[in-house]
Amino acid sequence: MSVCELALGDSEFNRLELVENGFAADRTGVLPIFIDYEGLKSKRVESGPMAPYRGSFKVLFVGRAVPNKCLEDLLRAFYYYNRCVNSDSHLFLVGPSWVDRYDAQLRWLLDSFGLWANVHFTGRVSDHDLASCYRDADVFLSMSEHEGFAVPLVESMAFDLPVAAYSSTAIPYTLEGAGLTFDSKEFPMIGELLEAVRTDGRLRESVLAAQRNRLEHFSGGSVRGDLKEALRLVTGGLP
């Protein structure tokens with residue numbers, strides 16, 4: 001009978017799932033996804049998807065258009081913000097379509113809200129355009145209800161983009177106290193939170209300072225250190 005000597009999850013959330021499924025806790029560890037955010041930051045483009053709206057407040061989400069990402073809740077939160085707080089605002093949903101029926105539901109909701117001029121589905125974009133979105137956006141908003149790691153959170157932190165996110169699954173582990181998280185989907189509250197990010201300079205700088213500190217955990221050197229530490233579990237502490 002074979003024995004698993006080491007099982008690694010890319011987040012504490014996934015490591016705990018390994019333990020729940022029978023892996024010995026002392027033979028599990030966390031090895032974050034290595035993200036070449038410096039390479040992404042090096043991408044330069046004269047104008048990206050947000051270029052025509054640079055004077056407006058821009059909310060960004062990056063990810064596939066699939067139900068677990070809860071894009072419908074992004075639309076609901078943005079509807080409150082745009083209609084009740086700041087009409088000079090735009091929501092950008094960056095990522096490929098995946099499920100035709102889900103796409104149709106999102107477009108029906110967008111039509112019912114009358115937000116076609118303020119919500120932008122970009123589809124899949126190049127790395128250059130993705131970098132420009134992170135660079136030009138004012139806040140990253142996630143309403144996802146299932147993430148194993150959430151790479152766009154790390155990319156947002158790398159671009160000094162404030163993060164606001166629903167605290168589900170791996171998200172609180174990836175942020176580890178950085179960003180702004182919330183435990184309930186009260187859309188007026190979320191809309192007011194976006195406005196606080198826009199208008200409260202001290203809050204914004206506090207959020208960014210915490211994100212910069214957290215980003216260090218995902219640097220190449222830090223991830224290599226995590227891998228070495230994990231391997232010590234199966235090498236008996238040998239260097």
# chains A, B, ... in the order shown; residues from 1 in each chain; ligands from 1
>>> closest_atom_pairs(of="segment 47-147 of chain A", to="segment 165-182 of chain A", cutoff="12 Å", atoms="only C-alpha atoms", output="Markdown table")
| residue | atom | partner | partner_atom | distance |
| --- | --- | --- | --- | --- |
| A:Leu60 | CA | A:Ala165 | CA | 11.5 |
| A:Phe61 | CA | A:Ala165 | CA | 10.2 |
| A:Asn68 | CA | A:Ser168 | CA | 10.9 |
| A:Lys69 | CA | A:Tyr166 | CA | 10.6 |
| A:Cys70 | CA | A:Tyr166 | CA | 10.4 |
| A:Asp73 | CA | A:Tyr166 | CA | 10.4 |
| A:Leu74 | CA | A:Ala165 | CA | 10.4 |
| A:Ala77 | CA | A:Tyr166 | CA | 11.6 |
| A:Val139 | CA | A:Gly179 | CA | 10.2 |
| A:Phe140 | CA | A:Ala165 | CA | 8.0 |
| A:Leu141 | CA | A:Ala165 | CA | 5.6 |
| A:Ser142 | CA | A:Ala165 | CA | 4.5 |
| A:Met143 | CA | A:Tyr166 | CA | 5.1 |
| A:Ser144 | CA | A:Tyr166 | CA | 6.7 |
| A:Glu145 | CA | A:Ser168 | CA | 5.5 |
| A:His146 | CA | A:Thr169 | CA | 5.6 |
| A:Glu147 | CA | A:Ala170 | CA | 5.5 |
>>> residues_around(residues="Ala158 of chain A", least_positions_apart="6", cutoff="9 Å", atoms="only C-alpha atoms", output="number ranges by chain")
A: 37-38, 41, 211-212, 215
>>> write_last_selection(atoms="C-alpha atoms", output="mmCIF file, in the first residue's frame")
data_model
loop_
_atom_site.group_PDB
_atom_site.id
_atom_site.type_symbol
_atom_site.label_atom_id
_atom_site.label_comp_id
_atom_site.auth_asym_id
_atom_site.auth_seq_id
_atom_site.Cartn_x
_atom_site.Cartn_y
_atom_site.Cartn_z
ATOM 1 C CA TYR A 37 3.309 39.743 -11.673
ATOM 2 C CA GLU A 38 6.516 41.610 -12.413
ATOM 3 C CA LYS A 41 3.621 44.886 -14.812
ATOM 4 C CA GLN A 211 -1.641 44.902 0.349
ATOM 5 C CA ARG A 212 2.012 45.756 -0.318
ATOM 6 C CA LEU A 215 2.291 40.851 -1.699
#
>>> residues_around(residues="Asn82 of chain A", least_positions_apart="4", cutoff="12 Å", atoms="only C-alpha atoms", output="ChimeraX atom specification")
/A:56-59,74-78,86-91,113-119,187-188,190-192,194-195
>>> select_by_dssp(residues="segment 44-189 of chain A", states="alpha helix (DSSP H)", output="mmCIF file with C-alpha atoms, in the first residue's frame")
data_model
loop_
_atom_site.group_PDB
_atom_site.id
_atom_site.type_symbol
_atom_site.label_atom_id
_atom_site.label_comp_id
_atom_site.auth_asym_id
_atom_site.auth_seq_id
_atom_site.Cartn_x
_atom_site.Cartn_y
_atom_site.Cartn_z
ATOM 1 C CA LEU A 71 -21.114 38.207 -11.849
ATOM 2 C CA GLU A 72 -24.812 38.855 -11.298
ATOM 3 C CA ASP A 73 -23.981 40.098 -7.806
ATOM 4 C CA LEU A 74 -21.293 42.363 -9.247
ATOM 5 C CA LEU A 75 -23.979 43.853 -11.480
ATOM 6 C CA ARG A 76 -26.354 44.310 -8.544
ATOM 7 C CA ALA A 77 -23.737 46.003 -6.372
ATOM 8 C CA PHE A 78 -22.646 48.226 -9.239
ATOM 9 C CA TYR A 79 -26.259 49.111 -10.049
ATOM 10 C CA TYR A 80 -26.662 50.558 -6.559
ATOM 11 C CA ASP A 100 -24.091 30.535 -22.976
ATOM 12 C CA ARG A 101 -27.130 30.326 -20.705
ATOM 13 C CA TYR A 102 -25.309 32.191 -17.926
ATOM 14 C CA ASP A 103 -24.194 34.881 -20.399
ATOM 15 C CA ALA A 104 -27.811 35.335 -21.464
ATOM 16 C CA GLN A 105 -28.931 35.739 -17.840
ATOM 17 C CA LEU A 106 -26.253 38.369 -17.224
ATOM 18 C CA ARG A 107 -27.263 40.320 -20.293
ATOM 19 C CA TRP A 108 -30.931 40.138 -19.325
ATOM 20 C CA LEU A 109 -30.054 41.552 -15.899
ATOM 21 C CA LEU A 110 -27.889 44.248 -17.440
ATOM 22 C CA ASP A 111 -30.723 45.190 -19.783
ATOM 23 C CA SER A 112 -33.231 45.366 -16.931
ATOM 24 C CA PHE A 113 -30.876 47.694 -15.039
ATOM 25 C CA ASP A 127 -1.584 40.473 -21.360
ATOM 26 C CA HIS A 128 -0.935 44.056 -22.458
ATOM 27 C CA ASP A 129 -4.626 44.968 -22.162
ATOM 28 C CA LEU A 130 -4.936 43.067 -18.887
ATOM 29 C CA ALA A 131 -2.053 45.058 -17.447
ATOM 30 C CA SER A 132 -3.652 48.282 -18.649
ATOM 31 C CA CYS A 133 -6.905 47.336 -16.897
ATOM 32 C CA TYR A 134 -5.147 46.754 -13.592
ATOM 33 C CA ARG A 135 -3.226 50.008 -14.085
ATOM 34 C CA ASP A 136 -6.246 52.142 -15.028
ATOM 35 C CA VAL A 151 -4.851 34.903 -8.840
ATOM 36 C CA PRO A 152 -6.418 38.291 -9.768
ATOM 37 C CA LEU A 153 -6.268 39.347 -6.115
ATOM 38 C CA VAL A 154 -2.484 39.010 -6.158
ATOM 39 C CA GLU A 155 -2.237 40.732 -9.526
ATOM 40 C CA SER A 156 -4.345 43.607 -8.199
ATOM 41 C CA MET A 157 -2.069 43.979 -5.184
ATOM 42 C CA ALA A 158 0.946 44.027 -7.502
ATOM 43 C CA ILE A 171 -10.188 34.630 -0.509
ATOM 44 C CA PRO A 172 -9.545 35.452 3.189
ATOM 45 C CA TYR A 173 -6.497 33.147 3.129
ATOM 46 C CA THR A 174 -5.071 34.777 0.015
ATOM 47 C CA LEU A 175 -5.616 38.285 1.358
ATOM 48 C CA PHE A 187 -25.459 45.746 -2.048
ATOM 49 C CA PRO A 188 -25.970 49.241 -0.591
ATOM 50 C CA MET A 189 -23.186 48.570 1.912
#
>>> select_by_dssp(residues="segment 16-111 of chain A", states="strand (DSSP E)", output="JSON, numbers by chain")
{"A": [28, 29, 30, 57, 58, 59, 60, 61, 62, 89, 90, 91, 92, 93, 94]}
>>> write_last_selection(atoms="C-alpha atoms", output="PDB file, in the first residue's frame")
ATOM      1  CA  THR A  28       0.330  18.698   4.114  1.00  0.00           C
ATOM      2  CA  GLY A  29       1.454  22.221   3.357  1.00  0.00           C
ATOM      3  CA  VAL A  30       0.732  25.342   1.356  1.00  0.00           C
ATOM      4  CA  PHE A  57     -14.424  55.802 -11.412  1.00  0.00           C
ATOM      5  CA  LYS A  58     -13.691  52.333 -12.746  1.00  0.00           C
ATOM      6  CA  VAL A  59     -14.522  49.041 -11.015  1.00  0.00           C
ATOM      7  CA  LEU A  60     -12.729  45.930 -12.264  1.00  0.00           C
ATOM      8  CA  PHE A  61     -13.300  42.200 -12.071  1.00  0.00           C
ATOM      9  CA  VAL A  62     -11.065  39.655 -13.805  1.00  0.00           C
ATOM     10  CA  SER A  89     -18.673  55.124 -12.899  1.00  0.00           C
ATOM     11  CA  HIS A  90     -18.030  52.071 -15.042  1.00  0.00           C
ATOM     12  CA  LEU A  91     -17.759  48.345 -14.368  1.00  0.00           C
ATOM     13  CA  PHE A  92     -15.348  46.256 -16.441  1.00  0.00           C
ATOM     14  CA  LEU A  93     -15.764  42.468 -16.505  1.00  0.00           C
ATOM     15  CA  VAL A  94     -12.585  41.069 -18.024  1.00  0.00           C
TER      16      VAL A  94
END
>>> closest_residue(among="A:Leu18, A:Ala137, A:Leu203, A:Ile33", to="Val223 of chain A", atoms="only C-alpha atoms")
A:Ile33
>>> residues_around(residues="Leu31 of chain A", least_positions_apart="3", cutoff="10 Å", atoms="only C-alpha atoms", output="list of chain:residue names")
A:Ala7, A:Leu8, A:Gly9, A:Asp10, A:Ser11, A:Glu12, A:Arg15, A:Thr28, A:Phe34, A:Phe218, A:Ser222, A:Val223, A:Arg224, A:Gly225, A:Asp226, A:Leu227, A:Lys228, A:Glu229, A:Ala230
>>> write_last_selection(atoms="C-alpha atoms", output="compact mmCIF listing (two decimals), in the first residue's frame")
# COMPACT_ATOMS: atom_id res chain seq x y z
CA ALA A 7 0.31 16.84 -0.26
CA LEU A 8 0.35 20.55 -1.06
CA GLY A 9 -2.51 22.96 -1.63
CA ASP A 10 -2.07 26.35 -3.25
CA SER A 11 -3.93 27.97 -0.37
CA GLU A 12 -4.72 27.17 3.25
CA ARG A 15 -4.79 22.41 2.36
CA THR A 28 0.33 18.70 4.11
CA PHE A 34 3.79 31.42 -8.54
CA PHE A 218 3.86 35.83 -3.17
CA SER A 222 9.02 33.66 -0.74
CA VAL A 223 7.42 30.92 -2.87
CA ARG A 224 10.79 29.18 -3.25
CA GLY A 225 11.16 29.30 0.53
CA ASP A 226 7.70 27.75 0.94
CA LEU A 227 8.67 24.92 -1.41
CA LYS A 228 11.92 24.23 0.45
CA GLU A 229 10.06 24.18 3.75
CA ALA A 230 7.49 21.75 2.37
>>> closest_residue(among="A:Ala150, A:Val3, A:Ala24, A:Cys84", to="Arg64 of chain A", atoms="only C-alpha atoms")
A:Ala150
>>> atom_distance(atom1="atom CA of Ala164 of chain A", atom2="atom CA of Ser97 of chain A")
22.9 Å
>>> atom_distance(atom1="atom CA of Val163 of chain A", atom2="atom CA of Arg204 of chain A")
9.9 Å
>>> atom_distance(atom1="atom CA of Gly48 of chain A", atom2="atom CA of Gly148 of chain A")
28.8 Å
>>> decode(residues="segment 38-82 of chain A", atoms="N, CA and C atoms", output="compact mmCIF listing (two decimals), in the first residue's frame")
# COMPACT_ATOMS: atom_id res chain seq x y z
N GLU A 38 5.56 40.63 -11.91
CA GLU A 38 6.52 41.61 -12.41
C GLU A 38 6.52 41.61 -13.94
N GLY A 39 6.41 40.42 -14.53
CA GLY A 39 6.32 40.33 -15.99
C GLY A 39 5.07 41.01 -16.51
N LEU A 40 3.95 40.83 -15.80
CA LEU A 40 2.71 41.47 -16.21
C LEU A 40 2.83 42.99 -16.08
N LYS A 41 3.46 43.44 -15.01
CA LYS A 41 3.62 44.89 -14.81
C LYS A 41 4.50 45.52 -15.88
N SER A 42 5.37 44.73 -16.50
CA SER A 42 6.26 45.27 -17.53
C SER A 42 5.54 45.51 -18.85
N LYS A 43 4.33 44.98 -19.00
CA LYS A 43 3.58 45.16 -20.24
C LYS A 43 3.09 46.60 -20.33
N ARG A 44 3.33 47.22 -21.46
CA ARG A 44 2.93 48.60 -21.66
C ARG A 44 2.06 48.70 -22.90
N VAL A 45 1.04 49.52 -22.82
CA VAL A 45 0.16 49.75 -23.96
C VAL A 45 -0.30 51.19 -23.90
N GLU A 46 -0.38 51.83 -25.06
CA GLU A 46 -0.77 53.23 -25.10
C GLU A 46 -2.21 53.43 -24.63
N SER A 47 -3.07 52.54 -25.05
CA SER A 47 -4.48 52.65 -24.64
C SER A 47 -5.08 51.26 -24.55
N GLY A 48 -5.77 51.00 -23.45
CA GLY A 48 -6.43 49.72 -23.25
C GLY A 48 -7.93 49.91 -23.19
N PRO A 49 -8.67 48.90 -22.73
CA PRO A 49 -10.13 48.96 -22.70
C PRO A 49 -10.70 50.13 -21.89
N MET A 50 -9.95 50.60 -20.88
CA MET A 50 -10.47 51.66 -20.03
C MET A 50 -10.07 53.06 -20.49
N ALA A 51 -9.26 53.16 -21.52
CA ALA A 51 -8.71 54.45 -21.93
C ALA A 51 -9.78 55.54 -22.14
N PRO A 52 -10.94 55.22 -22.75
CA PRO A 52 -11.93 56.29 -22.96
C PRO A 52 -12.60 56.77 -21.67
N TYR A 53 -12.35 56.09 -20.56
CA TYR A 53 -13.09 56.40 -19.32
C TYR A 53 -12.15 56.80 -18.18
N ARG A 54 -10.98 57.29 -18.51
CA ARG A 54 -9.98 57.54 -17.48
C ARG A 54 -10.38 58.63 -16.49
N GLY A 55 -11.34 59.46 -16.82
CA GLY A 55 -11.81 60.46 -15.87
C GLY A 55 -12.89 59.96 -14.94
N SER A 56 -13.37 58.74 -15.17
CA SER A 56 -14.47 58.16 -14.39
C SER A 56 -13.92 57.20 -13.35
N PHE A 57 -14.78 56.81 -12.41
CA PHE A 57 -14.42 55.80 -11.41
C PHE A 57 -14.67 54.43 -12.02
N LYS A 58 -13.63 53.59 -12.02
CA LYS A 58 -13.69 52.33 -12.75
C LYS A 58 -13.52 51.14 -11.80
N VAL A 59 -14.51 50.25 -11.84
CA VAL A 59 -14.52 49.04 -11.02
C VAL A 59 -14.15 47.87 -11.92
N LEU A 60 -13.25 47.03 -11.44
CA LEU A 60 -12.73 45.93 -12.26
C LEU A 60 -12.99 44.58 -11.62
N PHE A 61 -13.35 43.61 -12.46
CA PHE A 61 -13.30 42.20 -12.07
C PHE A 61 -12.63 41.43 -13.19
N VAL A 62 -11.76 40.50 -12.83
CA VAL A 62 -11.07 39.66 -13.80
C VAL A 62 -11.37 38.20 -13.49
N GLY A 63 -11.87 37.47 -14.47
CA GLY A 63 -12.17 36.05 -14.27
C GLY A 63 -13.15 35.55 -15.31
N ARG A 64 -13.25 34.24 -15.43
CA ARG A 64 -14.20 33.65 -16.37
C ARG A 64 -15.64 33.99 -15.98
N ALA A 65 -16.49 34.10 -16.98
CA ALA A 65 -17.91 34.35 -16.73
C ALA A 65 -18.59 33.02 -16.44
N VAL A 66 -18.45 32.54 -15.20
CA VAL A 66 -19.05 31.28 -14.76
C VAL A 66 -19.84 31.53 -13.48
N PRO A 67 -20.84 30.70 -13.19
CA PRO A 67 -21.74 30.99 -12.07
C PRO A 67 -21.07 31.17 -10.72
N ASN A 68 -20.00 30.41 -10.41
CA ASN A 68 -19.40 30.55 -9.08
C ASN A 68 -18.75 31.92 -8.87
N LYS A 69 -18.46 32.64 -9.96
CA LYS A 69 -17.89 33.98 -9.84
C LYS A 69 -18.95 35.02 -9.45
N CYS A 70 -20.22 34.66 -9.63
CA CYS A 70 -21.35 35.53 -9.20
C CYS A 70 -21.28 36.91 -9.84
N LEU A 71 -21.12 36.93 -11.15
CA LEU A 71 -21.11 38.21 -11.85
C LEU A 71 -22.44 38.94 -11.70
N GLU A 72 -23.52 38.20 -11.50
CA GLU A 72 -24.81 38.86 -11.30
C GLU A 72 -24.80 39.72 -10.04
N ASP A 73 -24.08 39.29 -9.02
CA ASP A 73 -23.98 40.10 -7.81
C ASP A 73 -23.08 41.32 -8.01
N LEU A 74 -22.07 41.19 -8.86
CA LEU A 74 -21.29 42.36 -9.25
C LEU A 74 -22.19 43.39 -9.91
N LEU A 75 -23.06 42.93 -10.81
CA LEU A 75 -23.98 43.85 -11.48
C LEU A 75 -24.94 44.51 -10.49
N ARG A 76 -25.42 43.75 -9.52
CA ARG A 76 -26.35 44.31 -8.54
C ARG A 76 -25.67 45.35 -7.66
N ALA A 77 -24.46 45.05 -7.21
CA ALA A 77 -23.74 46.00 -6.37
C ALA A 77 -23.41 47.26 -7.17
N PHE A 78 -22.99 47.07 -8.42
CA PHE A 78 -22.65 48.23 -9.24
C PHE A 78 -23.88 49.04 -9.58
N TYR A 79 -25.01 48.39 -9.77
CA TYR A 79 -26.26 49.11 -10.05
C TYR A 79 -26.56 50.10 -8.92
N TYR A 80 -26.44 49.64 -7.68
CA TYR A 80 -26.66 50.56 -6.56
C TYR A 80 -25.65 51.70 -6.61
N TYR A 81 -24.38 51.37 -6.81
CA TYR A 81 -23.35 52.40 -6.78
C TYR A 81 -23.58 53.43 -7.88
N ASN A 82 -23.84 52.97 -9.09
CA ASN A 82 -23.99 53.88 -10.23
C ASN A 82 -25.26 54.72 -10.14
